[in-house]
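K.L.:
My structure file run.pdb, PDB, C-alpha atoms, is below:
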MODEL        1
ATOM      1  CA  MET A  28       0.000   0.000   0.000
ATOM      2  CA  ARG A  29       1.258   3.504  -0.693
ATOM      3  CA  ILE A  30       0.497   6.376   1.606
ATOM      4  CA  ASP A  31       1.492   9.958   0.991
ATOM      5  CA  GLU A  32       1.759  11.056   4.565
ATOM      6  CA  LEU A  33       2.106   9.258   7.853
ATOM      7  CA  HIS A  34      -0.367  10.508  10.432
ATOM      8  CA  ILE A  35       0.858  10.319  14.036
ATOM      9  CA  VAL A  36      -1.182  11.081  17.148
ATOM     10  CA  LEU A  37       0.405  11.941  20.468
ATOM     11  CA  ALA A  38      -1.441  11.885  23.793
ATOM     12  CA  GLU A  39       0.707  13.607  26.394
ATOM     13  CA  ASP A  40      -0.138  16.018  29.221
ATOM     14  CA  ASP A  41       3.371  17.315  29.792
ATOM     15  CA  LYS A  42       4.340  20.377  27.752
ATOM     16  CA  ASP A  43       8.073  19.634  27.646
ATOM     17  CA  ASP A  44       7.507  16.062  26.565
ATOM     18  CA  ARG A  45       5.183  17.213  23.809
ATOM     19  CA  LEU A  46       7.894  19.497  22.489
ATOM     20  CA  PHE A  47      10.423  16.676  22.628
ATOM     21  CA  PHE A  48       8.200  14.352  20.593
ATOM     22  CA  LYS A  49       7.495  17.077  18.042
ATOM     23  CA  ASN A  50      11.200  17.558  17.487
ATOM     24  CA  ALA A  51      11.865  13.832  17.255
ATOM     25  CA  PHE A  52       9.225  13.424  14.540
ATOM     26  CA  LYS A  53      10.570  16.462  12.677
ATOM     27  CA  GLY A  54      13.746  14.452  12.098
ATOM     28  CA  LEU A  55      11.858  11.636  10.335
ATOM     29  CA  LYS A  56      12.589  10.895   6.691
ATOM     30  CA  ILE A  57       8.918  10.116   6.036
ATOM     31  CA  ASP A  58       6.457  12.946   5.407
ATOM     32  CA  ASN A  59       4.328  13.095   8.498
ATOM     33  CA  ARG A  60       1.593  14.999  10.246
ATOM     34  CA  LEU A  61       1.263  15.160  14.021
ATOM     35  CA  THR A  62      -1.949  15.609  15.994
ATOM     36  CA  VAL A  63      -1.506  16.334  19.688
ATOM     37  CA  CYS A  64      -4.071  15.574  22.408
ATOM     38  CA  GLU A  65      -3.353  16.954  25.861
ATOM     39  CA  ASP A  66      -5.126  14.276  27.891
ATOM     40  CA  GLY A  67      -6.954  10.951  27.643
ATOM     41  CA  MET A  68     -10.430  12.421  27.303
ATOM     42  CA  ALA A  69      -9.324  14.699  24.476
ATOM     43  CA  LEU A  70      -7.682  11.712  22.797
ATOM     44  CA  MET A  71     -10.813   9.560  22.866
ATOM     45  CA  ASP A  72     -12.952  12.452  21.628
ATOM     46  CA  TYR A  73     -10.542  13.050  18.805
ATOM     47  CA  LEU A  74     -10.209   9.390  17.757
ATOM     48  CA  ASN A  75     -13.905   8.635  17.878
ATOM     49  CA  ASP A  76     -14.498  11.295  15.230
ATOM     50  CA  ALA A  77     -11.285  10.851  13.245
ATOM     51  CA  GLU A  78     -11.793   9.797   9.629
ATOM     52  CA  PRO A  79      -9.569   8.427   8.193
ATOM     53  CA  LEU A  80      -7.864   7.053  11.282
ATOM     54  CA  PRO A  81      -4.255   7.979  12.030
ATOM     55  CA  HIS A  82      -1.587   5.308  11.500
ATOM     56  CA  ILE A  83       0.051   5.300  14.898
ATOM     57  CA  LEU A  84      -0.669   6.575  18.393
ATOM     58  CA  PHE A  85       1.919   7.394  21.040
ATOM     59  CA  LEU A  86       0.150   7.159  24.357
ATOM     60  CA  ASP A  87       1.492   8.314  27.721
ATOM     61  CA  LEU A  88       0.337   6.079  30.582
ATOM     62  CA  ASN A  89       0.151   8.600  33.379
ATOM     63  CA  MET A  90      -2.323  11.278  32.421
ATOM     64  CA  PRO A  91      -4.846  13.123  34.574
ATOM     65  CA  GLY A  92      -8.529  12.447  33.895
ATOM     66  CA  LYS A  93      -8.332   9.323  31.812
ATOM     67  CA  HIS A  94      -5.349   7.002  32.346
ATOM     68  CA  GLY A  95      -3.489   5.739  29.293
ATOM     69  CA  LEU A  96      -4.281   2.122  30.131
ATOM     70  CA  GLU A  97      -7.991   2.933  30.193
ATOM     71  CA  CYS A  98      -7.724   4.549  26.763
ATOM     72  CA  LEU A  99      -5.814   1.501  25.468
ATOM     73  CA  LYS A 100      -8.446  -0.944  26.679
ATOM     74  CA  GLU A 101     -11.270   1.137  25.278
ATOM     75  CA  LEU A 102      -9.565   1.402  21.897
ATOM     76  CA  ARG A 103      -8.820  -2.304  21.711
ATOM     77  CA  ALA A 104     -12.401  -3.195  22.578
ATOM     78  CA  ASN A 105     -13.507  -1.391  19.437
ATOM     79  CA  ASP A 106     -12.923  -3.074  16.050
ATOM     80  CA  ARG A 107     -12.705   0.289  14.334
ATOM     81  CA  PHE A 108      -9.225   0.716  15.812
ATOM     82  CA  THR A 109      -7.809  -2.712  14.933
ATOM     83  CA  ASP A 110      -5.381  -1.261  12.400
ATOM     84  CA  LEU A 111      -4.205   1.594  14.596
ATOM     85  CA  SER A 112      -0.754   0.854  16.007
ATOM     86  CA  ILE A 113      -0.522   1.852  19.648
ATOM     87  CA  ALA A 114       2.779   2.693  21.323
ATOM     88  CA  ILE A 115       2.655   3.074  25.100
ATOM     89  CA  TYR A 116       5.438   4.951  26.827
ATOM     90  CA  THR A 117       6.088   5.614  30.462
ATOM     91  CA  SER A 118       8.755   6.443  33.001
ATOM     92  CA  LEU A 119       7.226   3.971  35.470
ATOM     93  CA  LYS A 120       9.546   1.129  36.327
ATOM     94  CA  SER A 121       7.077  -1.390  37.729
ATOM     95  CA  PRO A 122       7.919  -4.938  36.676
ATOM     96  CA  GLY A 123       5.412  -6.730  34.475
ATOM     97  CA  LEU A 124       4.064  -3.460  33.082
ATOM     98  CA  ALA A 125       5.382  -4.164  29.576
ATOM     99  CA  GLU A 126       3.735  -7.576  29.463
ATOM    100  CA  ASP A 127       0.472  -6.228  30.859
ATOM    101  CA  THR A 128       0.173  -3.426  28.315
ATOM    102  CA  LEU A 129       1.117  -5.692  25.395
ATOM    103  CA  LEU A 130      -1.462  -8.183  26.604
ATOM    104  CA  ALA A 131      -4.023  -5.370  26.734
ATOM    105  CA  GLY A 132      -3.344  -4.789  23.041
ATOM    106  CA  ALA A 133      -0.503  -2.288  22.822
ATOM    107  CA  ASN A 134       1.869  -2.972  19.922
ATOM    108  CA  ILE A 135       4.827  -1.166  21.371
ATOM    109  CA  PHE A 136       5.960  -0.606  24.929
ATOM    110  CA  ILE A 137       8.600   2.040  25.547
ATOM    111  CA  ARG A 138      10.151   2.539  28.946
ATOM    112  CA  LYS A 139      11.621   6.014  28.702
ATOM    113  CA  PRO A 140      15.406   5.769  28.705
ATOM    114  CA  ASN A 141      17.420   8.352  30.666
ATOM    115  CA  ASP A 142      19.186   9.712  27.623
ATOM    116  CA  PRO A 143      16.857  11.806  25.411
ATOM    117  CA  GLU A 144      18.948  10.890  22.377
ATOM    118  CA  ASP A 145      18.116   7.219  23.000
ATOM    119  CA  LEU A 146      14.427   8.038  23.203
ATOM    120  CA  LYS A 147      14.582   9.955  19.949
ATOM    121  CA  LYS A 148      16.225   6.963  18.271
ATOM    122  CA  ILE A 149      13.566   4.604  19.631
ATOM    123  CA  LEU A 150      10.699   6.835  18.488
ATOM    124  CA  GLN A 151      12.069   7.063  14.974
ATOM    125  CA  GLU A 152      12.781   3.333  14.804
ATOM    126  CA  VAL A 153       9.225   2.572  15.928
ATOM    127  CA  VAL A 154       7.840   4.787  13.177
ATOM    128  CA  TYR A 155      10.038   3.121  10.527
ATOM    129  CA  ILE A 156       9.125  -0.401  11.631
ATOM    130  CA  ASN A 157       5.468   0.537  11.736
ATOM    131  CA  TRP A 158       5.906   1.930   8.218
ATOM    132  CA  GLN A 159       6.997  -1.523   7.034
ATOM    133  CA  TYR A 160       3.910  -3.063   8.571
ATOM    134  CA  ILE A 161       1.740  -0.574   6.688
ATOM    135  CA  THR A 162       3.459  -0.634   3.306
ATOM    136  CA  ASP A 163       3.898  -4.413   3.225
ATOM    137  CA  GLY A 164       0.497  -5.167   4.730
ATOM    138  CA  LEU A 165       1.979  -7.301   7.517
ATOM    139  CA  ASN A 166      -0.209  -8.918  10.140
ATOM    140  CA  LYS A 167      -0.541  -6.442  13.005
ATOM    141  CA  GLU A 168      -2.087  -8.968  15.363
ATOM    142  CA  HIS A 169       1.394 -10.086  16.373
ATOM    143  CA  PHE A 170       3.111  -6.721  16.072
ATOM    144  CA  MET A 171       4.832  -6.380  19.451
ATOM    145  CA  LEU A 172       7.923  -4.454  20.429
ATOM    146  CA  ASN A 173       9.332  -3.946  23.871
ATOM    147  CA  TYR A 174      11.949  -1.242  24.525
TER
ATOM    148  CA  MET B  13     -15.890 -18.369  17.344
ATOM    149  CA  ASN B  14     -12.424 -17.543  16.121
ATOM    150  CA  ILE B  15     -10.712 -19.290  13.240
ATOM    151  CA  ASN B  16      -7.126 -18.633  12.244
ATOM    152  CA  PHE B  17      -6.088 -18.543   8.618
ATOM    153  CA  ARG B  18      -2.737 -18.819   7.008
ATOM    154  CA  TYR B  19      -2.306 -17.020   3.728
ATOM    155  CA  ASN B  20       0.343 -16.325   1.172
ATOM    156  CA  ILE B  21       0.241 -12.654   0.186
ATOM    157  CA  GLU B  22       2.319 -13.298  -2.952
ATOM    158  CA  GLN B  23      -0.201 -15.821  -4.170
ATOM    159  CA  VAL B  24      -3.164 -13.619  -3.294
ATOM    160  CA  CYS B  25      -1.729 -10.741  -5.317
ATOM    161  CA  ARG B  26      -0.956 -12.999  -8.280
ATOM    162  CA  VAL B  27      -4.517 -14.287  -8.383
ATOM    163  CA  ILE B  28      -5.878 -10.744  -8.224
ATOM    164  CA  LEU B  29      -3.542  -9.648 -11.052
ATOM    165  CA  HIS B  30      -4.614 -12.648 -13.158
ATOM    166  CA  GLU B  31      -8.294 -12.007 -12.611
ATOM    167  CA  LYS B  32      -8.199  -8.292 -13.192
ATOM    168  CA  ILE B  33      -5.951  -8.300 -16.248
ATOM    169  CA  SER B  34      -7.664 -11.171 -18.025
ATOM    170  CA  ALA B  35     -11.016  -9.471 -17.463
ATOM    171  CA  LEU B  36      -9.760  -6.698 -19.756
ATOM    172  CA  ASN B  37      -8.947  -9.113 -22.600
ATOM    173  CA  ILE B  38      -5.305  -8.158 -22.975
ATOM    174  CA  ASP B  39      -2.333 -10.447 -23.501
ATOM    175  CA  TYR B  40      -0.018 -10.590 -20.538
ATOM    176  CA  ARG B  41       2.394 -12.755 -18.655
ATOM    177  CA  ILE B  42       3.202 -12.446 -14.968
ATOM    178  CA  THR B  43       6.976 -12.800 -14.928
ATOM    179  CA  ASN B  44       8.121 -12.548 -11.348
ATOM    180  CA  SER B  45       6.864 -10.990  -8.168
ATOM    181  CA  GLY B  46       5.204  -7.720  -8.967
ATOM    182  CA  SER B  47       6.157  -7.636 -12.653
ATOM    183  CA  VAL B  48       3.846  -8.209 -15.618
ATOM    184  CA  TYR B  49       4.907  -8.394 -19.270
ATOM    185  CA  PHE B  50       2.533  -7.101 -21.958
ATOM    186  CA  PRO B  51       3.511  -8.145 -25.511
ATOM    187  CA  HIS B  52       1.274  -5.457 -27.066
ATOM    188  CA  ASN B  53       0.665  -1.865 -26.122
ATOM    189  CA  ILE B  54      -2.331  -1.292 -23.899
ATOM    190  CA  CYS B  55      -4.646   1.572 -24.704
ATOM    191  CA  ALA B  56      -4.665   4.381 -22.145
ATOM    192  CA  HIS B  57      -8.289   3.803 -21.341
ATOM    193  CA  LYS B  58      -7.780   0.145 -20.401
ATOM    194  CA  PHE B  59      -4.653   0.986 -18.449
ATOM    195  CA  GLN B  60      -6.588   3.535 -16.370
ATOM    196  CA  GLU B  61      -9.329   1.009 -15.776
ATOM    197  CA  LEU B  62      -6.793  -1.579 -14.635
ATOM    198  CA  LYS B  63      -5.066   0.895 -12.311
ATOM    199  CA  GLN B  64      -8.414   1.798 -10.800
ATOM    200  CA  GLU B  65      -9.441  -1.845 -10.315
ATOM    201  CA  LEU B  66      -6.149  -2.778  -8.684
ATOM    202  CA  SER B  67      -6.046   0.214  -6.372
ATOM    203  CA  ASN B  68      -9.130  -1.209  -4.624
ATOM    204  CA  TYR B  69      -6.837  -4.000  -3.440
ATOM    205  CA  GLY B  70      -4.002  -1.708  -2.433
ATOM    206  CA  ILE B  71      -2.036  -2.705  -5.561
ATOM    207  CA  GLU B  72      -0.359   0.286  -7.210
ATOM    208  CA  VAL B  73       1.473   0.689 -10.474
ATOM    209  CA  ILE B  74       4.993   1.884  -9.749
ATOM    210  CA  THR B  75       6.950   3.927 -12.223
ATOM    211  CA  ASP B  76      10.135   5.229 -10.655
ATOM    212  CA  GLN B  77      13.174   3.000 -11.076
ATOM    213  CA  LYS B  78      14.229   3.009  -7.452
ATOM    214  CA  SER B  79      10.830   1.846  -6.204
ATOM    215  CA  ILE B  80      10.768  -0.861  -8.869
ATOM    216  CA  LEU B  81      14.159  -2.123  -7.717
ATOM    217  CA  VAL B  82      13.065  -2.081  -4.061
ATOM    218  CA  GLN B  83       9.882  -3.972  -4.903
ATOM    219  CA  LYS B  84      11.994  -6.620  -6.633
ATOM    220  CA  ILE B  85      14.328  -6.870  -3.639
ATOM    221  CA  LYS B  86      11.356  -7.313  -1.319
ATOM    222  CA  GLY B  87       9.905  -9.905  -3.678
ATOM    223  CA  LEU B  88      13.120 -11.920  -3.651
ATOM    224  CA  ILE B  89      13.441 -11.748   0.121
ATOM    225  CA  THR B  90       9.802 -12.680   0.635
ATOM    226  CA  SER B  91      10.087 -15.619  -1.732
ATOM    227  CA  MET B  92      12.862 -17.028   0.439
ATOM    228  CA  LEU B  93      10.894 -16.502   3.596
ATOM    229  CA  THR B  94       7.772 -18.577   3.180
ATOM    230  CA  PRO B  95       6.824 -21.215   5.742
ATOM    231  CA  ASP B  96       7.473 -24.045   3.291
ATOM    232  CA  SER B  97      10.563 -22.916   1.424
ATOM    233  CA  THR B  98      14.036 -23.761   2.518
ATOM    234  CA  MET B  99      16.432 -20.852   2.776
ATOM    235  CA  PRO B 100      19.199 -20.653   0.236
ATOM    236  CA  LEU B 101      22.560 -21.228   1.810
ATOM    237  CA  VAL B 102      24.276 -18.590  -0.301
ATOM    238  CA  LYS B 103      25.023 -15.193   1.145
ATOM    239  CA  ILE B 104      22.043 -12.933   0.827
ATOM    240  CA  SER B 105      24.120 -10.120  -0.681
ATOM    241  CA  SER B 106      25.339 -12.279  -3.567
ATOM    242  CA  PHE B 107      21.905 -13.848  -3.975
ATOM    243  CA  LEU B 108      20.371 -10.383  -4.436
ATOM    244  CA  SER B 109      23.079  -8.929  -6.630
ATOM    245  CA  ASP B 110      23.159 -12.035  -8.866
ATOM    246  CA  SER B 111      19.385 -12.153  -9.220
ATOM    247  CA  LEU B 112      19.070  -8.432  -9.943
ATOM    248  CA  ASN B 113      22.300  -8.024 -11.854
ATOM    249  CA  GLU B 114      23.277  -4.948  -9.848
ATOM    250  CA  ASN B 115      26.065  -4.398  -7.385
ATOM    251  CA  TYR B 116      25.103  -4.822  -3.755
ATOM    252  CA  ARG B 117      26.067  -1.279  -2.790
ATOM    253  CA  SER B 118      23.466   0.291  -5.079
ATOM    254  CA  ILE B 119      20.877  -2.320  -4.145
ATOM    255  CA  SER B 120      21.380  -1.659  -0.487
ATOM    256  CA  GLN B 121      21.437   2.139  -0.909
ATOM    257  CA  ALA B 122      18.189   2.168  -2.921
ATOM    258  CA  PHE B 123      16.559  -0.032  -0.306
ATOM    259  CA  THR B 124      17.517   2.197   2.614
ATOM    260  CA  ASP B 125      16.443   5.344   0.730
ATOM    261  CA  ILE B 126      12.948   3.991   0.157
ATOM    262  CA  CYS B 127      12.362   1.823   3.229
ATOM    263  CA  HIS B 128      14.322   3.773   5.858
ATOM    264  CA  MET B 129      15.946   0.609   7.150
ATOM    265  CA  SER B 130      18.771  -1.596   5.963
ATOM    266  CA  ILE B 131      18.164  -4.783   3.972
ATOM    267  CA  GLU B 132      19.625  -6.726   6.911
ATOM    268  CA  SER B 133      17.140  -5.189   9.385
ATOM    269  CA  PHE B 134      14.333  -5.834   6.938
ATOM    270  CA  ILE B 135      15.263  -9.509   6.615
ATOM    271  CA  ILE B 136      15.416  -9.907  10.381
ATOM    272  CA  LEU B 137      12.030  -8.176  10.701
ATOM    273  CA  ARG B 138      10.428 -10.469   8.121
ATOM    274  CA  LYS B 139      12.160 -13.541   9.506
ATOM    275  CA  THR B 140      10.888 -12.724  12.987
ATOM    276  CA  GLU B 141       7.375 -12.383  11.577
ATOM    277  CA  LEU B 142       7.751 -15.828  10.077
ATOM    278  CA  VAL B 143       8.968 -17.265  13.369
ATOM    279  CA  LYS B 144       5.893 -15.768  15.077
ATOM    280  CA  GLN B 145       3.640 -17.337  12.478
ATOM    281  CA  LEU B 146       5.240 -20.781  12.784
ATOM    282  CA  LEU B 147       5.177 -20.554  16.561
ATOM    283  CA  LEU B 148       1.515 -19.594  16.846
ATOM    284  CA  ASN B 149      -0.257 -20.945  13.786
ATOM    285  CA  GLU B 150       1.688 -24.122  13.126
ATOM    286  CA  ASN B 151       2.575 -24.893  16.721
ATOM    287  CA  LEU B 152       6.150 -25.731  15.826
ATOM    288  CA  SER B 153       8.755 -25.886  18.567
ATOM    289  CA  LEU B 154      11.701 -23.498  18.580
ATOM    290  CA  THR B 155      13.986 -26.400  17.696
ATOM    291  CA  GLU B 156      11.888 -27.240  14.638
ATOM    292  CA  ILE B 157      11.718 -23.594  13.601
ATOM    293  CA  SER B 158      15.448 -23.087  13.943
ATOM    294  CA  HIS B 159      16.023 -26.094  11.653
ATOM    295  CA  ARG B 160      13.397 -24.993   9.174
ATOM    296  CA  LEU B 161      14.756 -21.439   8.920
ATOM    297  CA  GLN B 162      18.355 -22.550   9.095
ATOM    298  CA  TYR B 163      19.420 -20.824  12.246
ATOM    299  CA  SER B 164      22.671 -22.241  13.561
ATOM    300  CA  SER B 165      21.050 -23.017  16.919
ATOM    301  CA  VAL B 166      17.978 -22.397  19.052
ATOM    302  CA  ALA B 167      20.039 -19.885  21.044
ATOM    303  CA  HIS B 168      20.792 -17.924  17.872
ATOM    304  CA  LEU B 169      17.102 -17.870  16.979
ATOM    305  CA  SER B 170      16.092 -16.794  20.493
ATOM    306  CA  ASN B 171      18.720 -14.057  20.609
ATOM    307  CA  GLN B 172      17.724 -12.636  17.260
ATOM    308  CA  PHE B 173      14.070 -12.715  18.271
ATOM    309  CA  LYS B 174      14.831 -10.954  21.535
ATOM    310  CA  ASN B 175      17.029  -8.333  19.858
ATOM    311  CA  SER B 176      14.417  -7.608  17.266
ATOM    312  CA  THR B 177      11.286  -7.509  19.458
ATOM    313  CA  GLY B 178      12.580  -6.960  22.997
ATOM    314  CA  LEU B 179      10.754 -10.129  24.026
ATOM    315  CA  SER B 180      11.905 -13.703  24.367
ATOM    316  CA  PRO B 181      10.029 -16.142  22.099
ATOM    317  CA  SER B 182       8.339 -17.711  25.135
ATOM    318  CA  THR B 183       7.174 -14.350  26.547
ATOM    319  CA  PHE B 184       5.900 -13.417  23.111
ATOM    320  CA  GLN B 185       4.059 -16.705  22.832
ATOM    321  CA  LYS B 186       2.533 -16.240  26.271
ATOM    322  CA  ILE B 187       1.242 -12.752  25.434
ATOM    323  CA  ALA B 188      -0.041 -13.720  21.975
ATOM    324  CA  THR B 189      -1.911 -16.767  23.306
ATOM    325  CA  GLY B 190      -3.317 -14.674  26.135
ATOM    326  CA  LYS B 191      -4.568 -12.114  23.625
ATOM    327  CA  ARG B 192      -6.229 -14.791  21.515
ATOM    328  CA  LYS B 193      -7.906 -16.293  24.537
ATOM    329  CA  ALA B 194      -9.210 -12.896  25.660
ATOM    330  CA  LYS B 195     -10.560 -12.288  22.167
ATOM    331  CA  MET B 196     -12.367 -15.612  22.119
ATOM    332  CA  LEU B 197     -14.023 -14.849  25.438
ATOM    333  CA  ASN B 198     -15.404 -11.580  24.106
TER
ENDMDL
END
As structure tokens, what does this structure read like?
P.N.:
Amino acid sequence: MRIDELHIVLAEDDKDDRLFFKNAFKGLKIDNRLTVCEDGMALMDYLNDAEPLPHILFLDLNMPGKHGLECLKELRANDRFTDLSIAIYTSLKSPGLAEDTLLAGANIFIRKPNDPEDLKKILQEVVYINWQYITDGLNKEHFMLNY
Amino acid sequence: MNINFRYNIEQVCRVILHEKISALNIDYRITNSGSVYFPHNICAHKFQELKQELSNYGIEVITDQKSILVQKIKGLITSMLTPDSTMPLVKISSFLSDSLNENYRSISQAFTDICHMSIESFIILRKTELVKQLLLNENLSLTEISHRLQYSSVAHLSNQFKNSTGLSPSTFQKIATGKRKAKMLN
């Protein structure tokens, strides 16, 4: 499949983190468009009306109002979002969290590394791998990455 | 009820090409993955119609040389990586440059320009997908899979899987089975 522009959605309540993500995606070699939602409620409102759907969502776990995990479960319970890749990221270090979120239907789990350069590299790699899944029509049911 | 299917994308696309082109009454021959030879010129009208028909299936006509080369590279790699084929023992770089009659440097550069990852990363990605498929849909053991895909050992297979996904094959299997079970309960 050929797409002209990759559409990314970011759900993040922290202003500095939002800026960081924006800059990381600016460095991508794929034309892309970024939609930013500032909390979980805003995200769900946005996605429920979005047509066509974005290609990939970066979802912060710890957000006020609606928690990222709640958003994830709601999205995965709805067949409309089957093709949307979901990348969860968090600074939480609790063991088993990666497995739990992947089991709940996330495709990618990112535990924020200390070095921002590392995070930037991970974000770009995730987008490029996801790009392969889209362009080659690979089976997303088993698309799982753990960073 | 949930039923799992195994399908061969290459074959699916071939059948679609056959059906759609023969419906237009033009002579053609599908040569290799993604390439069709037409002995006679096709009128613009029919060509438009064909393009339209195929785009419904996500099949696009590609015109720029670099994309054509990359599609051929992907075709060759995919043809090696099917559940039933045995891997060639030759080095992948010479396999690709011999088959495409191009030097490996230009092949690899074109690939990275279009796909934003190296051929090597792409092969590992596709190989890992195949391992997942064999693990879940065919219920093969890691030992069987490592033989089938010509890994030097189970440890090599497990390490590559872990490096590429961040999960060990057994953790992956646990999560994937858990997901399927949850789906069936819904």
K.L.:
Evaluate the PyMOL selection byres ((chain B) within 10 of (chain A)) and record the selected residues as a short mmCIF file (atom, residue, chain, number, x, y, z; two decimals) with C-alpha atoms, in the coordinates of the input, following the chain and residue labels used in the document.
P.N.:
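Result saved to selection.cif:
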data_model
loop_
_atom_site.label_atom_id
_atom_site.label_comp_id
_atom_site.auth_asym_id
_atom_site.auth_seq_id
_atom_site.Cartn_x
_atom_site.Cartn_y
_atom_site.Cartn_z
CA ILE B 21 0.24 -12.65 0.19
CA SER B 67 -6.05 0.21 -6.37
CA TYR B 69 -6.84 -4.00 -3.44
CA GLY B 70 -4.00 -1.71 -2.43
CA ILE B 71 -2.04 -2.70 -5.56
CA GLU B 72 -0.36 0.29 -7.21
CA ILE B 74 4.99 1.88 -9.75
CA LYS B 86 11.36 -7.31 -1.32
CA ASP B 125 16.44 5.34 0.73
CA ILE B 126 12.95 3.99 0.16
CA CYS B 127 12.36 1.82 3.23
CA HIS B 128 14.32 3.77 5.86
CA MET B 129 15.95 0.61 7.15
CA SER B 133 17.14 -5.19 9.38
CA PHE B 134 14.33 -5.83 6.94
CA LEU B 137 12.03 -8.18 10.70
CA ARG B 138 10.43 -10.47 8.12
CA GLU B 141 7.38 -12.38 11.58
CA LYS B 144 5.89 -15.77 15.08
CA GLN B 145 3.64 -17.34 12.48
CA LEU B 148 1.52 -19.59 16.85
CA LYS B 174 14.83 -10.95 21.54
CA ASN B 175 17.03 -8.33 19.86
CA SER B 176 14.42 -7.61 17.27
CA THR B 177 11.29 -7.51 19.46
CA GLY B 178 12.58 -6.96 23.00
CA LEU B 179 10.75 -10.13 24.03
CA THR B 183 7.17 -14.35 26.55
CA PHE B 184 5.90 -13.42 23.11
CA GLN B 185 4.06 -16.70 22.83
CA LYS B 186 2.53 -16.24 26.27
CA ILE B 187 1.24 -12.75 25.43
CA ALA B 188 -0.04 -13.72 21.98
CA THR B 189 -1.91 -16.77 23.31
CA GLY B 190 -3.32 -14.67 26.14
CA LYS B 191 -4.57 -12.11 23.62
CA ARG B 192 -6.23 -14.79 21.52
CA ALA B 194 -9.21 -12.90 25.66
CA LYS B 195 -10.56 -12.29 22.17
CA ASN B 198 -15.40 -11.58 24.11
#
K.L.:
Applied to the shown file, which residues does the PyMOL selection byres ((chain B and resi 25) around 10) return, written as a list in words?
P.N.:
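Given this file, the PyMOL selection byres ((chain B and resi 25) around 10) evaluates to Asn20, Ile21, Glu22, Gln23, Val24, Arg26, Val27, Ile28, Leu29, His30, Glu31, Ser45, Gly46, Leu66, Tyr69, Gly70 and Ile71 of chain B.
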K.L.:
Which residues come within 10 Å of region 151-157 of chain B, counting all atoms listed in the file, excluding same-chain residues fewer than 6 positions away, as number ranges by chain?
P.N.:
B: 95, 142-145, 163, 165-167, 169-170, 181-182
K.L.:
If the PyMOL selection byres ((chain B and resi 119) around 10) is run on the structure shown, which residues does it catch, given as an MDAnalysis selection string?
P.N.:
chainID B and resid 78 81:82 85 105 108:109 112:118 120:124 131
K.L.:
Leaving out region 39-51 of chain A and any residue of its chain fewer than 5 positions from it, which residues lie within 6 Å of it when counting only C-alpha atoms, given as a list of chain:residue names?
P.N.:
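Contacts, with the query itself left out: A:Glu65, A:Asp66, A:Asp87, A:Lys147.
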K.L.:
Calculate how many Å separate CA of Arg107 (chain A) from CA of Asn14 (chain B), rounding to one decimal.
P.N.:
17.9 Å
K.L.:
Determine the nearest neighbour of Gln172 (chain B) from the options B:Cys55, B:Ile33, B:Leu197, B:Lys139, counting all atoms listed in the file.
P.N.:
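Distance minimum relative to Gln172 (chain B) lands on B:Lys139.
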K.L.:
Would you fill the gaps in region 152-163 of chain B so it has N, CA and C atoms, then print it as a compact mmCIF listing (two decimals), keeping the file's coordinate frame?
P.N.:
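The resulting file, rebuild.txt, is reproduced below:
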# COMPACT_ATOMS: atom_id res chain seq x y z
N LEU B 152 4.84 -25.10 15.89
CA LEU B 152 6.15 -25.73 15.83
C LEU B 152 6.96 -25.35 17.06
N SER B 153 7.88 -26.22 17.44
CA SER B 153 8.76 -25.89 18.57
C SER B 153 9.89 -25.01 18.06
N LEU B 154 10.58 -24.34 18.97
CA LEU B 154 11.70 -23.50 18.58
C LEU B 154 12.79 -24.30 17.88
N THR B 155 12.98 -25.54 18.33
CA THR B 155 13.99 -26.40 17.70
C THR B 155 13.61 -26.66 16.24
N GLU B 156 12.34 -26.99 16.02
CA GLU B 156 11.89 -27.24 14.64
C GLU B 156 12.04 -25.98 13.78
N ILE B 157 11.64 -24.84 14.36
CA ILE B 157 11.72 -23.59 13.60
C ILE B 157 13.17 -23.25 13.26
N SER B 158 14.06 -23.46 14.22
CA SER B 158 15.45 -23.09 13.94
C SER B 158 16.04 -23.97 12.85
N HIS B 159 15.60 -25.24 12.76
CA HIS B 159 16.02 -26.09 11.65
C HIS B 159 15.45 -25.60 10.35
N ARG B 160 14.12 -25.37 10.38
CA ARG B 160 13.40 -24.99 9.17
C ARG B 160 13.97 -23.71 8.58
N LEU B 161 14.29 -22.72 9.42
CA LEU B 161 14.76 -21.44 8.92
C LEU B 161 16.28 -21.34 8.93
N GLN B 162 16.90 -22.46 9.15
CA GLN B 162 18.36 -22.55 9.10
C GLN B 162 19.09 -21.59 10.00
N TYR B 163 18.62 -21.49 11.23
CA TYR B 163 19.42 -20.82 12.25
C TYR B 163 20.47 -21.83 12.71
